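Q: Provided herewith: work-v3.pdb, PDB, C-alpha atoms and all ligand atoms.
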```
ATOM      1  CA  MET N  35     -52.413  19.325 255.375  1.00  0.00           C
ATOM      2  CA  ARG N  36     -54.685  22.258 254.680  1.00  0.00           C
ATOM      3  CA  GLY N  37     -56.178  22.943 251.284  1.00  0.00           C
ATOM      4  CA  ALA N  38     -54.176  25.114 248.941  1.00  0.00           C
ATOM      5  CA  GLN N  39     -54.872  28.791 249.313  1.00  0.00           C
ATOM      6  CA  ARG N  40     -54.515  31.009 246.306  1.00  0.00           C
ATOM      7  CA  TYR N  41     -52.678  34.270 246.625  1.00  0.00           C
ATOM      8  CA  ARG N  42     -52.335  37.044 244.168  1.00  0.00           C
ATOM      9  CA  ALA N  43     -50.192  40.117 244.402  1.00  0.00           C
ATOM     10  CA  ALA N  44     -51.968  43.443 244.375  1.00  0.00           C
ATOM     11  CA  GLY N  45     -50.646  46.953 244.648  1.00  0.00           C
ATOM     12  CA  ASN N  46     -47.167  48.050 245.515  1.00  0.00           C
ATOM     13  CA  GLN N  47     -45.404  45.790 247.990  1.00  0.00           C
ATOM     14  CA  ASN N  48     -42.658  48.307 248.674  1.00  0.00           C
ATOM     15  CA  ASP N  49     -44.908  50.598 250.702  1.00  0.00           C
ATOM     16  CA  ASP N  50     -45.907  48.004 253.246  1.00  0.00           C
ATOM     17  CA  PRO N  51     -44.846  48.307 256.855  1.00  0.00           C
ATOM     18  CA  ARG N  52     -41.981  46.047 257.869  1.00  0.00           C
ATOM     19  CA  PRO N  53     -42.696  43.171 260.233  1.00  0.00           C
ATOM     20  CA  GLU N  54     -41.428  43.032 263.766  1.00  0.00           C
ATOM     21  CA  GLY N  55     -39.238  40.291 265.137  1.00  0.00           C
ATOM     22  CA  HIS N  56     -35.800  38.975 264.424  1.00  0.00           C
ATOM     23  CA  ALA N  57     -35.963  38.483 260.690  1.00  0.00           C
ATOM     24  CA  GLY N  58     -37.906  41.707 260.381  1.00  0.00           C
ATOM     25  CA  GLY N  59     -35.160  43.527 262.259  1.00  0.00           C
ATOM     26  CA  PHE N  60     -32.575  42.037 259.945  1.00  0.00           C
ATOM     27  CA  GLN N  61     -34.708  43.084 257.014  1.00  0.00           C
ATOM     28  CA  LYS N  62     -34.842  46.654 258.278  1.00  0.00           C
ATOM     29  CA  LYS N  63     -31.118  46.775 258.915  1.00  0.00           C
ATOM     30  CA  GLU N  64     -29.937  45.088 255.736  1.00  0.00           C
ATOM     31  CA  GLY N  65     -32.620  46.375 253.425  1.00  0.00           C
ATOM     32  CA  PHE N  66     -33.784  43.206 251.675  1.00  0.00           C
ATOM     33  CA  ARG N  67     -37.267  43.763 250.437  1.00  0.00           C
ATOM     34  CA  ARG N  68     -39.504  40.771 249.976  1.00  0.00           C
ATOM     35  CA  GLY N  69     -37.618  37.633 250.843  1.00  0.00           C
ATOM     36  CA  ILE N  70     -34.395  36.083 251.986  1.00  0.00           C
ATOM     37  CA  ALA N  71     -33.111  32.541 252.337  1.00  0.00           C
ATOM     38  CA  ALA N  72     -31.326  31.358 255.495  1.00  0.00           C
ATOM     39  CA  PRO N  73     -28.112  30.361 253.627  1.00  0.00           C
ATOM     40  CA  GLN N  74     -27.738  33.997 252.479  1.00  0.00           C
ATOM     41  CA  ILE N  75     -27.158  35.047 256.082  1.00  0.00           C
ATOM     42  CA  GLY N  76     -25.001  32.064 256.993  1.00  0.00           C
ATOM     43  CA  ILE N  77     -27.683  29.770 258.398  1.00  0.00           C
ATOM     44  CA  LEU N  78     -27.482  26.404 256.670  1.00  0.00           C
ATOM     45  CA  LYS N  79     -31.123  25.403 257.031  1.00  0.00           C
ATOM     46  CA  ARG N  80     -33.889  25.003 254.486  1.00  0.00           C
ATOM     47  CA  ILE N  81     -35.777  28.075 255.647  1.00  0.00           C
ATOM     48  CA  ILE N  82     -36.862  31.104 253.680  1.00  0.00           C
ATOM     49  CA  TYR N  83     -38.330  34.302 255.050  1.00  0.00           C
ATOM     50  CA  ILE N  84     -41.003  35.949 252.955  1.00  0.00           C
ATOM     51  CA  HIS N  85     -42.480  39.403 253.475  1.00  0.00           C
ATOM     52  CA  PHE N  86     -45.431  39.640 251.118  1.00  0.00           C
ATOM     53  CA  PRO N  87     -48.273  41.248 253.036  1.00  0.00           C
ATOM     54  CA  THR N  88     -50.562  41.662 250.033  1.00  0.00           C
ATOM     55  CA  ALA N  89     -50.762  37.861 249.956  1.00  0.00           C
ATOM     56  CA  GLY N  90     -51.018  37.631 253.742  1.00  0.00           C
ATOM     57  CA  ILE N  91     -47.549  36.090 254.086  1.00  0.00           C
ATOM     58  CA  SER N  92     -44.950  37.474 256.434  1.00  0.00           C
ATOM     59  CA  GLY N  93     -42.775  34.934 258.177  1.00  0.00           C
ATOM     60  CA  ALA N  94     -40.629  31.861 257.886  1.00  0.00           C
ATOM     61  CA  LEU N  95     -41.375  28.982 255.507  1.00  0.00           C
ATOM     62  CA  ILE N  96     -39.594  25.867 256.728  1.00  0.00           C
ATOM     63  CA  ASN N  97     -38.591  23.116 254.275  1.00  0.00           C
ATOM     64  CA  PRO N  98     -40.460  24.708 251.377  1.00  0.00           C
ATOM     65  CA  ARG N  99     -40.914  22.421 248.392  1.00  0.00           C
ATOM     66  CA  ILE N 100     -42.203  23.113 244.925  1.00  0.00           C
ATOM     67  CA  GLU N 101     -44.901  20.489 244.391  1.00  0.00           C
ATOM     68  CA  LYS N 102     -46.121  21.763 241.035  1.00  0.00           C
ATOM     69  CA  ARG N 103     -45.043  24.303 238.395  1.00  0.00           C
ATOM     70  CA  SER N 104     -47.219  25.581 235.590  1.00  0.00           C
ATOM     71  CA  LYS N 105     -46.052  25.016 232.029  1.00  0.00           C
ATOM     72  CA  ALA N 106     -46.791  28.687 231.430  1.00  0.00           C
ATOM     73  CA  LYS N 107     -43.718  30.811 232.034  1.00  0.00           C
ATOM     74  CA  PHE N 108     -42.910  34.483 232.149  1.00  0.00           C
ATOM     75  CA  LYS N 109     -39.773  36.593 231.924  1.00  0.00           C
ATOM     76  CA  LEU N 110     -38.759  39.260 234.391  1.00  0.00           C
ATOM     77  CA  TRP N 111     -35.824  41.308 235.622  1.00  0.00           C
ATOM     78  CA  ASP N 112     -34.816  39.776 238.929  1.00  0.00           C
ATOM     79  CA  ASP N 113     -32.632  41.184 241.673  1.00  0.00           C
ATOM     80  CA  CYS N 114     -31.100  39.702 244.771  1.00  0.00           C
ATOM     81  CA  PHE N 115     -29.764  40.688 248.174  1.00  0.00           C
ATOM     82  CA  SER N 116     -26.697  38.561 247.294  1.00  0.00           C
ATOM     83  CA  PHE N 117     -25.741  40.777 244.304  1.00  0.00           C
ATOM     84  CA  PRO N 118     -27.086  44.264 245.050  1.00  0.00           C
ATOM     85  CA  GLY N 119     -27.380  46.642 242.122  1.00  0.00           C
ATOM     86  CA  LEU N 120     -27.336  43.926 239.462  1.00  0.00           C
ATOM     87  CA  LEU N 121     -30.441  42.891 237.561  1.00  0.00           C
ATOM     88  CA  VAL N 122     -30.725  39.639 235.686  1.00  0.00           C
ATOM     89  CA  LYS N 123     -33.434  38.580 233.251  1.00  0.00           C
ATOM     90  CA  VAL N 124     -34.786  35.141 234.069  1.00  0.00           C
ATOM     91  CA  GLU N 125     -37.672  32.916 233.097  1.00  0.00           C
ATOM     92  CA  ARG N 126     -39.899  31.501 235.830  1.00  0.00           C
ATOM     93  CA  ALA N 127     -43.010  29.362 236.004  1.00  0.00           C
ATOM     94  CA  ARG N 128     -46.115  31.571 236.102  1.00  0.00           C
ATOM     95  CA  GLU N 129     -47.668  29.494 238.905  1.00  0.00           C
ATOM     96  CA  VAL N 130     -46.238  27.207 241.545  1.00  0.00           C
ATOM     97  CA  THR N 131     -47.726  25.157 244.331  1.00  0.00           C
ATOM     98  CA  ILE N 132     -45.521  25.077 247.434  1.00  0.00           C
ATOM     99  CA  SER N 133     -45.701  22.947 250.539  1.00  0.00           C
ATOM    100  CA  TYR N 134     -43.929  24.047 253.717  1.00  0.00           C
ATOM    101  CA  THR N 135     -44.104  24.057 257.491  1.00  0.00           C
ATOM    102  CA  ASN N 136     -44.953  27.368 259.117  1.00  0.00           C
ATOM    103  CA  GLU N 137     -43.504  28.826 262.330  1.00  0.00           C
ATOM    104  CA  LYS N 138     -46.213  27.064 264.384  1.00  0.00           C
ATOM    105  CA  GLY N 139     -45.199  23.692 262.951  1.00  0.00           C
ATOM    106  CA  GLU N 140     -48.282  23.390 260.763  1.00  0.00           C
ATOM    107  CA  ASN N 141     -48.091  21.898 257.266  1.00  0.00           C
ATOM    108  CA  CYS N 142     -49.233  24.402 254.679  1.00  0.00           C
ATOM    109  CA  VAL N 143     -49.772  24.487 250.944  1.00  0.00           C
ATOM    110  CA  ILE N 144     -50.017  27.614 248.852  1.00  0.00           C
ATOM    111  CA  ALA N 145     -50.684  28.176 245.185  1.00  0.00           C
ATOM    112  CA  ALA N 146     -48.873  31.307 244.071  1.00  0.00           C
ATOM    113  CA  GLU N 147     -48.784  33.171 240.805  1.00  0.00           C
ATOM    114  CA  ASP N 148     -46.851  35.997 239.177  1.00  0.00           C
ATOM    115  CA  ASP N 149     -44.816  38.081 241.680  1.00  0.00           C
ATOM    116  CA  LEU N 150     -45.197  35.678 244.573  1.00  0.00           C
ATOM    117  CA  SER N 151     -44.533  32.679 242.338  1.00  0.00           C
ATOM    118  CA  GLU N 152     -41.221  34.098 241.089  1.00  0.00           C
ATOM    119  CA  LEU N 153     -40.228  35.188 244.595  1.00  0.00           C
ATOM    120  CA  LEU N 154     -40.770  31.689 245.984  1.00  0.00           C
ATOM    121  CA  GLN N 155     -38.856  30.106 243.087  1.00  0.00           C
ATOM    122  CA  HIS N 156     -36.011  32.589 243.660  1.00  0.00           C
ATOM    123  CA  GLU N 157     -35.773  31.904 247.416  1.00  0.00           C
ATOM    124  CA  ILE N 158     -36.124  28.119 247.082  1.00  0.00           C
ATOM    125  CA  ASP N 159     -33.323  28.220 244.476  1.00  0.00           C
ATOM    126  CA  HIS N 160     -31.090  29.701 247.199  1.00  0.00           C
ATOM    127  CA  LEU N 161     -31.703  26.613 249.345  1.00  0.00           C
ATOM    128  CA  ASP N 162     -30.307  24.539 246.479  1.00  0.00           C
ATOM    129  CA  GLY N 163     -27.327  26.863 246.056  1.00  0.00           C
ATOM    130  CA  ILE N 164     -28.641  28.361 242.821  1.00  0.00           C
ATOM    131  CA  LEU N 165     -28.342  32.118 242.266  1.00  0.00           C
ATOM    132  CA  ALA N 166     -30.545  33.973 239.804  1.00  0.00           C
ATOM    133  CA  VAL N 167     -27.438  34.879 237.736  1.00  0.00           C
ATOM    134  CA  GLU N 168     -27.191  31.170 236.869  1.00  0.00           C
ATOM    135  CA  ARG N 169     -30.701  31.373 235.398  1.00  0.00           C
ATOM    136  CA  ALA N 170     -29.928  34.280 233.064  1.00  0.00           C
ATOM    137  CA  ILE N 171     -31.738  33.752 229.781  1.00  0.00           C
ATOM    138  CA  ASP N 172     -28.755  34.814 227.659  1.00  0.00           C
ATOM    139  CA  GLY N 173     -25.678  37.042 227.584  1.00  0.00           C
ATOM    140  CA  LYS N 174     -27.832  40.176 227.297  1.00  0.00           C
ATOM    141  CA  SER N 175     -29.762  39.359 230.443  1.00  0.00           C
ATOM    142  CA  PHE N 176     -27.626  41.457 232.784  1.00  0.00           C
ATOM    143  CA  ALA N 177     -27.980  45.117 233.680  1.00  0.00           C
ATOM    144  CA  TRP N 178     -26.952  47.452 236.465  1.00  0.00           C
ATOM    145  CA  ARG N 179     -29.961  48.876 238.208  1.00  0.00           C
ATOM    146  CA  SER N 180     -28.505  52.400 238.002  1.00  0.00           C
ATOM    147  CA  GLU N 181     -28.206  52.139 234.188  1.00  0.00           C
ATOM    148  CA  ARG N 182     -31.660  50.687 233.745  1.00  0.00           C
ATOM    149  CA  ASP N 183     -33.218  53.407 235.888  1.00  0.00           C
ATOM    150  CA  GLN N 184     -31.490  55.961 233.667  1.00  0.00           C
ATOM    151  CA  HIS N 185     -32.491  54.449 230.342  1.00  0.00           C
ATOM    152  CA  GLY N 186     -35.966  53.273 231.259  1.00  0.00           C
ATOM    153  CA  LYS N 187     -37.340  49.765 231.175  1.00  0.00           C
ATOM    154  CA  ASP N 188     -36.778  47.211 228.415  1.00  0.00           C
TER
HETATM  155 ZN    ZN N 201     -31.812  36.138 246.276  1.00  0.00          ZN
END
```
Please render this file's structure as structure tokens.
Ligand SMILES: [Zn+2]
A:
Amino acid sequence: MRGAQRYRAAGNQNDDPRPEGHAGGFQKKEGFRRGIAAPQIGILKRIIYIHFPTAGISGALINPRIEKRSKAKFKLWDDCFSFPGLLVKVERAREVTISYTNEKGENCVIAAEDDLSELLQHEIDHLDGILAVERAIDGKSFAWRSERDQHGKD
């Protein structure tokens, strides 16, 4: 196993060019932005696909496992390809350490924080059948994206 690499998000991920290949084609067609889990598209395998070029990650993570979560948490408005248009406020660990196998069959470990940390927690939840709506902080933690865009943030 390689040593843990540390990644940090920088800049706007939405402007980045889309990857080529099968999952990339699906991404282009269906419009998911940063990540998707195999069960969301009917493939019952523990595989997630992450497109996060600012951290140098664009590809499949096979059998990803959260090895460590920081005690420090943060709250954010989350969205999901499985419930388009709906935002849900959730609490996630600020940092996670993930082990997984990459597309070449190599064992990898990454330490992720902030945006990438919450993305990985979100996608790995899908593998366990957990949707972000189940992690809503409280009854006020739901909003339609269209309404939030109109009324501004928080
Ligand atoms: Zn999702």
Q: Could you tell me how far atom CA of N:Lys102 lies from atom CA of N:Ser116, in Å and to one decimal?
A: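 Straight-line distance from atom CA of N:Lys102 to atom CA of N:Ser116 works out to 26.4 Å.
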Q: Could you list, as a list in words, every residue matched by the PyMOL selection byres (((chain N and resi 151) around 10) and not hetatm) in this structure?
A: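 Those residues are Tyr41, Arg42, Ala43, Arg103, Arg126, Ala127, Arg128, Glu129, Val130, Thr131, Ile132, Ile144, Ala145, Ala146, Glu147, Asp148, Asp149, Leu150, Glu152, Leu153, Leu154, Gln155 and His156 of chain N.
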Q: Neighbours of ligand ZN 201 (chain N) at 6 Å or closer, counting all atoms listed in the file: which residues, as a list in words?
A: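 Counting all atoms listed in the file, the residues within 6 Å of ligand ZN 201 (chain N) come out as Cys114, Phe115, Ser116 and Glu157 of chain N.
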Q: Taking (-24.7, 40.2, 243.4) in the file's coordinates as the center, which residues reach within 12 Å of it, counting all atoms listed in the file, put as a list of chain:residue names?
A: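 Using all atoms listed in the file, the matching residues come out as N:Gln74, N:Asp112, N:Asp113, N:Cys114, N:Phe115, N:Ser116, N:Phe117, N:Pro118, N:Gly119, N:Leu120, N:Leu121, N:Val122, N:Leu165, N:Ala166, N:Val167, N:Glu168, N:Phe176, N:Ala177, N:Trp178, N:Arg179.
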Q: Check what the PyMOL selection byres (((chain N and resi 133) around 10) and not hetatm) selects in the file above and give those residues as an mmCIF file with C-alpha atoms, keeping the file's coordinate frame.
A:
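Final output, part-v7.cif:
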```cif
data_model
loop_
_atom_site.group_PDB
_atom_site.id
_atom_site.type_symbol
_atom_site.label_atom_id
_atom_site.label_comp_id
_atom_site.auth_asym_id
_atom_site.auth_seq_id
_atom_site.Cartn_x
_atom_site.Cartn_y
_atom_site.Cartn_z
ATOM 1 C CA MET N 35 -52.413 19.325 255.375
ATOM 2 C CA ARG N 36 -54.685 22.258 254.680
ATOM 3 C CA ALA N 38 -54.176 25.114 248.941
ATOM 4 C CA LEU N 95 -41.375 28.982 255.507
ATOM 5 C CA ILE N 96 -39.594 25.867 256.728
ATOM 6 C CA ASN N 97 -38.591 23.116 254.275
ATOM 7 C CA PRO N 98 -40.460 24.708 251.377
ATOM 8 C CA ARG N 99 -40.914 22.421 248.392
ATOM 9 C CA ILE N 100 -42.203 23.113 244.925
ATOM 10 C CA GLU N 101 -44.901 20.489 244.391
ATOM 11 C CA LYS N 102 -46.121 21.763 241.035
ATOM 12 C CA VAL N 130 -46.238 27.207 241.545
ATOM 13 C CA THR N 131 -47.726 25.157 244.331
ATOM 14 C CA ILE N 132 -45.521 25.077 247.434
ATOM 15 C CA TYR N 134 -43.929 24.047 253.717
ATOM 16 C CA THR N 135 -44.104 24.057 257.491
ATOM 17 C CA ASN N 136 -44.953 27.368 259.117
ATOM 18 C CA ASN N 141 -48.091 21.898 257.266
ATOM 19 C CA CYS N 142 -49.233 24.402 254.679
ATOM 20 C CA VAL N 143 -49.772 24.487 250.944
ATOM 21 C CA ILE N 144 -50.017 27.614 248.852
ATOM 22 C CA ALA N 145 -50.684 28.176 245.185
#
```
Q: Would you mind reading off the distance between atom CA of N:Ala106 and atom CA of N:Asp172, one decimal, in Å?
A: 19.4 Å
Q: What separation in Å, quoted to one decimal, exists between atom CA of N:Lys107 and atom CA of N:Asp159?
A: 16.4 Å
